[in-house]
Number of protein chains: 2
Amino acid sequence: MEAPQRVSPSTVPADHPGINELFSLLAYGEVAAFYRLTEEARMAPDLRGRINMARMAAAEMGHYELLRSTLEARGVDPLPAMIRYAPALEQYHRLTTPSTWPEALVKTYVGDAMAADLYLAIAGSLPTDIADVVRSVLAETVHSQFVVAEVLSVVNSSGRQRSRLALWSRRLLGEAVTQAQYVLAERDELVDLVLAGGGLGQVTDLYDRLQRTHSERMGQLGLA
Amino acid sequence: MEAPQRVSPSTVPADHPGINELFSLLAYGEVAAFYRLTEEARMAPDLRGRINMARMAAAEMGHYELLRSTLEARGVDPLPAMIRYAPALEQYHRLTTPSTWPEALVKTYVGDAMAADLYLAIAGSLPTDIADVVRSVLAETVHSQFVVAEVLSVVNSSGRQRSRLALWSRRLLGEAVTQAQYVLAERDELVDLVLAGGGLGQVTDLYDRLQRTHSERMGQLGLA
């Protein structure tokens with residue numbers, strides 16, 4: 001994934017209240033992703049698939065530990081701060097429950113990329129040390145690479161599966177954007193953080209960027 | 001947990017075929033424990049409990065990674081080697097499915113201790129570098145400490161719960177011993193490994209040790 005293209009120094013102070021909200025949102029997102037991955041792993045056809053999902057889930061908890069300790073270092077009690085983001089994140093996962101193993105794989109791959117985009121876009125306008133936490137949490141791991149080969153093999157063997165998975169992938173993007181808007185509408189501190197980083201143009205850039213990365217990911221999975 | 005009391009040098013060669021079997025058994029055990037912990041976490045009454053279970057599950061996958069790379073370094077393809085241990089381990093978990101959150105907590109705590117005992121007893125007669133892998137995989141983490149406070153609070157508030165959980169704890173030990181015997185009966189290489197380490201006395205010591213650690217654990221949980 002390309003790095004955010006902002007090179008201007010941060011305009012957001014390190015004690016901006018939106019930063020704690022962002023970390024809390026990320027932290028709940030990691031725990032929610034952990035449990036969703038392990039649930040969706042039930043559809044895996046074999047031990048290899050189950051192990052790959054478990055490895056990805058374990059990586060989410062590694063990210064969670066970093067966020068938790070960062071929140072604590074900033075004087076925030078993580079659990080009550082995180083739980084405010086439960087409705088939006090659980091709703092996203094409820095509305096995008098896969099019904100097949102290829103759908104679960106696509107959700108993993110596309111969902112990870114969308115989350116990374118959302119957070120990296122905001123990281124571009126954060127103080128360096130805080131942006132570093134966000135980036136290391138979202139650093140792409142090699143784990144999700146196993147998804148590409150498996151999805152390509154399904155897509156190449158069935159045009160019907162390709163169409164179904166392409167629609168599924170678009171639905172994932174739509175639901176993610178809906179929930180992101182819902183979160184921004186509810187949390188003034190997060191809106192302030194986005195606006196402090198670059199104004200409304202930043203928000204428009206973010207949606208453009210989401211759409212662009214999503215298209216790239218669909219191409220990689222043979223769903224373009 | 002006290003270290004195994006064997007100080008005599010190893011009598012087992014590093015290429016004993018039972019060693020690969022032991023690592024494969026441990027590896028499947030980690031993956032099975034990962035999925036069981038995440039499933040049993042559904043009974044958690046709150047986010048804190050779910051996060052604690054997820055952290056323990058993630059630690060199991062860290063252990064799995066070490067075992068997988070050790071098996072690969074020894075020229076073993078991990079998945080086919082591991083899957084032979086699926087029946088015994090899945091059967092243990094099926095027969096010990098908790099029906100309440102305190103039962104899930106007790107299973108985590110007592111089950112971890114029993115597994116550590118089983119493996120550490122064997123590690124005592126392994127070559128040093130191989131014993132080190134086994135010990136680091138089974139190193140007790142601080143994670144399961146959250147269990148003690150929660151179980152003690154349940155046990156101290158209800159004599160009926162205490163009796164129920166004490167019975168449950170004994171059942172966990174019984175099923176574990178049954179499945180361990182089943183595994184040994186099926187896998188000659190593992191029996192050879194145990195016998196090479198100290199003969200039949202070693203096996204008797206192991207069961208004594210299991211019983212002793214189990215009693216200690218029950219005491220810690222207020223179930224003695």
# chains A, B, ... in the order shown; residues from 1 in each chain; ligands from 1
$ residues_around --residues "B:Ala131" --least-positions-apart "4" --cutoff "10 Å" --atoms "only C-alpha atoms" --output "VMD selection string"
chain B and resid 10 19 119 to 120 122 to 127 135 to 137
$ interface_residues --of "chain B" --to "chain A" --cutoff "12 Å" --atoms "only C-alpha atoms" --output "number ranges by chain"
B: 27-28, 30-42, 46-65, 68, 77-84, 86
$ select_by_dssp --residues "stretch 68-210 of chain A" --states "alpha helix (DSSP H)" --output "PyMOL selection string"
chain A and resi 68-73+78-83+86-95+101-123+128-138+145-157+159-186+188-210
$ residues_around --residues "B:Leu95" --least-positions-apart "4" --cutoff "12 Å" --atoms "only C-alpha atoms" --output "list in words"
Pro87, Ala88, Leu89, Glu90, Gln91, Ser99, Lys107, Trp168, Arg171, Leu172, Leu173, Gly174, Glu175, Ala176, Thr178 and Gln179 of chain B
$ closest_residue --among "A:Glu72, A:Leu152, A:Ala166, A:Ile130" --to "A:Ser215" --atoms "only C-alpha atoms"
A:Ala166
$ atom_distance --atom1 "atom CA of B:Gln220" --atom2 "atom CA of B:Val148"
7.1 Å
$ closest_residue --among "A:Thr128, A:Ser169, A:Leu66, A:Arg162" --to "A:Glu216" --atoms "only C-alpha atoms"
A:Ser169
$ atom_distance --atom1 "atom CA of A:Leu165" --atom2 "atom CA of A:Arg209"
21.4 Å
$ residues_around --residues "B:Tyr85" --least-positions-apart "5" --cutoff "8 Å" --atoms "only C-alpha atoms" --output "MDAnalysis selection string"
chainID B and resid 24:25 28 183
$ residues_around --residues "B:Val151" --least-positions-apart "2" --cutoff "9 Å" --atoms "only C-alpha atoms" --output "PyMOL selection string"
chain B and resi 102-103+105-106+146-149+153-156+221-222
$ write_last_selection --atoms "N, CA and C atoms" --output "short mmCIF file (atom, residue, chain, number, x, y, z; two decimals), in the first residue's frame"
data_model
loop_
_atom_site.label_atom_id
_atom_site.label_comp_id
_atom_site.auth_asym_id
_atom_site.auth_seq_id
_atom_site.Cartn_x
_atom_site.Cartn_y
_atom_site.Cartn_z
N PRO B 102 -17.88 -19.30 34.61
CA PRO B 102 -16.90 -19.83 35.58
C PRO B 102 -16.32 -21.18 35.15
N GLU B 103 -17.12 -22.05 34.55
CA GLU B 103 -16.58 -23.32 34.06
C GLU B 103 -15.53 -23.09 32.98
N LEU B 105 -13.63 -20.48 32.70
CA LEU B 105 -12.43 -19.94 33.35
C LEU B 105 -11.63 -21.06 34.02
N VAL B 106 -12.33 -21.93 34.74
CA VAL B 106 -11.64 -23.03 35.42
C VAL B 106 -10.96 -23.94 34.39
N PHE B 146 -5.81 -13.53 35.59
CA PHE B 146 -7.11 -12.86 35.77
C PHE B 146 -8.18 -13.86 36.17
N VAL B 147 -7.94 -15.14 35.83
CA VAL B 147 -8.91 -16.18 36.14
C VAL B 147 -9.09 -16.33 37.65
N VAL B 148 -7.98 -16.29 38.39
CA VAL B 148 -8.02 -16.60 39.82
C VAL B 148 -9.00 -15.68 40.56
N ALA B 149 -8.85 -14.37 40.36
CA ALA B 149 -9.70 -13.43 41.08
C ALA B 149 -11.16 -13.65 40.73
N SER B 153 -14.07 -15.10 43.40
CA SER B 153 -15.22 -14.28 43.76
C SER B 153 -16.52 -15.09 43.61
N VAL B 154 -16.61 -15.91 42.58
CA VAL B 154 -17.79 -16.78 42.40
C VAL B 154 -17.87 -17.81 43.52
N VAL B 155 -16.72 -18.45 43.79
CA VAL B 155 -16.66 -19.54 44.75
C VAL B 155 -16.97 -19.06 46.17
N ASN B 156 -16.47 -17.86 46.49
CA ASN B 156 -16.69 -17.34 47.84
C ASN B 156 -18.12 -16.88 48.06
N LEU B 221 -7.80 -21.83 43.37
CA LEU B 221 -9.11 -21.35 42.92
C LEU B 221 -10.18 -21.47 44.01
N GLY B 222 -9.76 -21.86 45.22
CA GLY B 222 -10.73 -22.01 46.31
C GLY B 222 -11.60 -23.25 46.15
#
$ atom_distance --atom1 "atom CA of B:Ser163" --atom2 "atom CA of B:Tyr109"
17.2 Å
$ residues_around --residues "A:Glu189" --least-positions-apart "3" --cutoff "8 Å" --atoms "only C-alpha atoms" --output "list in words"
Pro17, Gly18, Glu21, Asp192 and Leu193 of chain A
